[in-house]
Amino acid sequence: MAVPPTDIKRVKGQGFLLNRGTENFSGRIITENGVLTAAQMRCLSEAAETFGSGTLTFTSRLTVELPGIPYEKIEDFKAFVAKEGMVTGGTGSRVRPVVACKGTTCVFGLYDTQALAKEIHDRFYVGYAGVTLPHKFKIAVGGCPNNCMKPDLNDLGIVGQRVPKFNPEKCRSCKKCSVETSCPMKCVSAEGGQPVFDDSVCNNCGRCLKACPFGAMEETETMYKIYVGGRWGKMTRIGTPLTRLFTREEALNVVEKAILLFKSKGETGERFGNTVDRLGVQKVEKMLVSDNLLKRREEILEQETIGGASC
């Protein structure tokens, strides 16, 4: 091949992946939270025709790849997309591009998923860009328990929650309870007049909160359920849910603590789920809830780590 293996590896680290059977590359554009402006889409369309094969492909991580870019045009391609504020990347043993469902606009969304994903992108994809981990670390942001983005199949997944809050003083004990009929999980029973909630079945989807015309169901703040150690692919592991819910700021801190835990305790080549299983779920949760990892941030970041990701 005309392109030396060392250069293939170097540009892969910049988000350019060799196209099988060719000497051309796909440039991977990071979308931050799955959102591109119309101007950015026009720029990518022009870039595809100018530098690549004239096509665009979309990855499962909500990035955009432009295949067919010759090695000698890579730098020109990067400069071209940079005019619209876009960069390439998303490979290696580090925090990978964040994915988010359309909870921002979805009728079932419990919060602005794209805003949270953007904050995670800025703090941990960009902020931790130079931090090598034992393997790739994927983060998914879901807007509700429908789990369209499969948060529990990522190294760390966040799911919006609305815990029901019932005010019996406003309940009229209607013959047909709208709270009971609105529940998709069938965890509400109003046979005795007022609704009774089965917490073991309720998934905190929030569908019942606006169901009562008399205001017996009160609005609650969005909380966040966090899964750790999920993985999809050749070796599947369903993420382990932490035992309590978190506020937004607490959830962001758990993301950082999970990254620091993986860097400090993970072994080269293993995914975070392997680390969780090796250390034990209870021990991992205790570490993620306490602030010790944040207090040791600088010490952990200085630790030498050899990455094991091959893709």
# chains A, B, ... in the order shown; residues from 1 in each chain; ligands from 1
call {"tool": "closest_atom_pairs", "arguments": {"of": "region 47-152 of chain A", "to": "region 264-273 of chain A", "cutoff": "8 Å", "atoms": "only C-alpha atoms", "output": "Markdown table"}}
result
| residue | atom | partner | partner_atom | distance |
| --- | --- | --- | --- | --- |
| A:Leu133 | CA | A:Gly266 | CA | 7.9 |
| A:Pro134 | CA | A:Thr268 | CA | 4.4 |
| A:His135 | CA | A:Gly269 | CA | 5.6 |
| A:Lys136 | CA | A:Arg271 | CA | 7.1 |
| A:Phe137 | CA | A:Phe272 | CA | 7.3 |
call {"tool": "write_last_selection", "arguments": {"atoms": "N, CA and C atoms", "output": "mmCIF file, in the first residue's frame"}}
result
data_model
loop_
_atom_site.group_PDB
_atom_site.id
_atom_site.type_symbol
_atom_site.label_atom_id
_atom_site.label_comp_id
_atom_site.auth_asym_id
_atom_site.auth_seq_id
_atom_site.Cartn_x
_atom_site.Cartn_y
_atom_site.Cartn_z
ATOM 1 N N LEU A 133 -7.810 5.682 28.250
ATOM 2 C CA LEU A 133 -8.498 4.742 29.126
ATOM 3 C C LEU A 133 -8.116 3.312 28.743
ATOM 4 N N PRO A 134 -8.458 2.330 29.552
ATOM 5 C CA PRO A 134 -8.126 0.940 29.206
ATOM 6 C C PRO A 134 -8.798 0.457 27.919
ATOM 7 N N HIS A 135 -9.916 1.078 27.564
ATOM 8 C CA HIS A 135 -10.651 0.720 26.351
ATOM 9 C C HIS A 135 -11.584 1.883 26.033
ATOM 10 N N LYS A 136 -12.385 1.750 24.996
ATOM 11 C CA LYS A 136 -13.378 2.778 24.670
ATOM 12 C C LYS A 136 -14.386 2.911 25.811
ATOM 13 N N PHE A 137 -14.983 4.116 25.937
ATOM 14 C CA PHE A 137 -15.977 4.359 26.977
ATOM 15 C C PHE A 137 -17.137 5.102 26.344
#
call {"tool": "select_by_dssp", "arguments": {"residues": "region 16-246 of chain A", "states": "strand (DSSP E)", "output": "PyMOL selection string"}}
result
chain A and resi 16-18+24-29+57-58+64-70+99-100+139-142+156-161+188-189+196-197+223-228+240-241
call {"tool": "write_last_selection", "arguments": {"atoms": "C-alpha atoms", "output": "PDB file, in the first residue's frame"}}
result
ATOM      1  CA  PHE A  16     -10.204   8.843   9.492  1.00  0.00           C
ATOM      2  CA  LEU A  17     -10.798   5.134   8.996  1.00  0.00           C
ATOM      3  CA  LEU A  18      -9.405   3.142   6.084  1.00  0.00           C
ATOM      4  CA  ASN A  24      -9.167   5.932   0.776  1.00  0.00           C
ATOM      5  CA  PHE A  25     -10.593   6.889   4.151  1.00  0.00           C
ATOM      6  CA  SER A  26     -13.902   7.764   5.809  1.00  0.00           C
ATOM      7  CA  GLY A  27     -13.816  11.015   7.754  1.00  0.00           C
ATOM      8  CA  ARG A  28     -15.904  10.752  10.935  1.00  0.00           C
ATOM      9  CA  ILE A  29     -17.663  14.000  11.881  1.00  0.00           C
ATOM     10  CA  THR A  57     -23.208   7.532   6.066  1.00  0.00           C
ATOM     11  CA  PHE A  58     -24.532   7.696   9.612  1.00  0.00           C
ATOM     12  CA  VAL A  64     -21.504  11.221  10.144  1.00  0.00           C
ATOM     13  CA  GLU A  65     -18.886   9.524   7.976  1.00  0.00           C
ATOM     14  CA  LEU A  66     -17.837  10.710   4.527  1.00  0.00           C
ATOM     15  CA  PRO A  67     -16.166   7.797   2.704  1.00  0.00           C
ATOM     16  CA  GLY A  68     -13.751   7.839  -0.207  1.00  0.00           C
ATOM     17  CA  ILE A  69     -11.352  10.564   0.973  1.00  0.00           C
ATOM     18  CA  PRO A  70      -7.800  10.132  -0.425  1.00  0.00           C
ATOM     19  CA  VAL A  99     -25.415   9.662  21.866  1.00  0.00           C
ATOM     20  CA  ALA A 100     -28.821  11.067  22.817  1.00  0.00           C
ATOM     21  CA  ILE A 139     -22.107   7.208  27.052  1.00  0.00           C
ATOM     22  CA  ALA A 140     -25.809   7.279  26.089  1.00  0.00           C
ATOM     23  CA  VAL A 141     -28.495   9.747  27.166  1.00  0.00           C
ATOM     24  CA  GLY A 142     -32.129   8.595  27.177  1.00  0.00           C
ATOM     25  CA  LEU A 156     -22.631   4.427  31.143  1.00  0.00           C
ATOM     26  CA  GLY A 157     -26.273   5.194  30.425  1.00  0.00           C
ATOM     27  CA  ILE A 158     -28.540   7.939  31.752  1.00  0.00           C
ATOM     28  CA  VAL A 159     -32.349   7.691  31.701  1.00  0.00           C
ATOM     29  CA  GLY A 160     -34.789  10.450  32.662  1.00  0.00           C
ATOM     30  CA  GLN A 161     -37.241   9.671  35.465  1.00  0.00           C
ATOM     31  CA  VAL A 188     -51.903   1.814  39.432  1.00  0.00           C
ATOM     32  CA  SER A 189     -55.038   0.398  40.984  1.00  0.00           C
ATOM     33  CA  VAL A 196     -52.572   2.955  44.810  1.00  0.00           C
ATOM     34  CA  PHE A 197     -49.138   2.726  43.193  1.00  0.00           C
ATOM     35  CA  MET A 223     -34.348  12.704  38.190  1.00  0.00           C
ATOM     36  CA  TYR A 224     -31.861  10.419  36.454  1.00  0.00           C
ATOM     37  CA  LYS A 225     -31.380   6.671  36.568  1.00  0.00           C
ATOM     38  CA  ILE A 226     -27.836   5.556  35.785  1.00  0.00           C
ATOM     39  CA  TYR A 227     -26.677   2.246  34.332  1.00  0.00           C
ATOM     40  CA  VAL A 228     -23.025   1.212  34.471  1.00  0.00           C
ATOM     41  CA  THR A 240     -26.241  -2.519  36.104  1.00  0.00           C
ATOM     42  CA  PRO A 241     -28.640   0.153  37.444  1.00  0.00           C
TER      43      PRO A 241
END
call {"tool": "closest_atom_pairs", "arguments": {"of": "region 29-146 of chain A", "to": "region 4-13 of chain A", "cutoff": "9 Å", "atoms": "only C-alpha atoms", "output": "JSON lines"}}
result
{"residue": "A:Tyr71", "atom": "CA", "partner": "A:Ile8", "partner_atom": "CA", "distance": 8.8}
{"residue": "A:Ile74", "atom": "CA", "partner": "A:Val11", "partner_atom": "CA", "distance": 8.5}
{"residue": "A:Gly89", "atom": "CA", "partner": "A:Gly13", "partner_atom": "CA", "distance": 6.9}
{"residue": "A:Gly90", "atom": "CA", "partner": "A:Gly13", "partner_atom": "CA", "distance": 8.1}
{"residue": "A:Thr91", "atom": "CA", "partner": "A:Gly13", "partner_atom": "CA", "distance": 6.0}
{"residue": "A:Gly92", "atom": "CA", "partner": "A:Gly13", "partner_atom": "CA", "distance": 6.4}
call {"tool": "select_by_dssp", "arguments": {"residues": "region 65-292 of chain A", "states": "alpha helix (DSSP H)", "output": "PyMOL selection string"}}
result
chain A and resi 74-82+113-120+178-182+248-265+272-279+281-289+292
call {"tool": "atom_distance", "arguments": {"atom1": "CA of Glu84 (chain A)", "atom2": "CA of Leu116 (chain A)"}}
result
22.2 Å
call {"tool": "closest_residue", "arguments": {"among": "A:Gly34, A:Lys73, A:Arg123, A:Phe166", "to": "Gly52 (chain A)", "atoms": "only C-alpha atoms"}}
result
A:Lys73
call {"tool": "closest_residue", "arguments": {"among": "A:Gly130, A:Gly15, A:Pro184, A:Gly109", "to": "Lys78 (chain A)", "atoms": "only C-alpha atoms"}}
result
A:Gly15
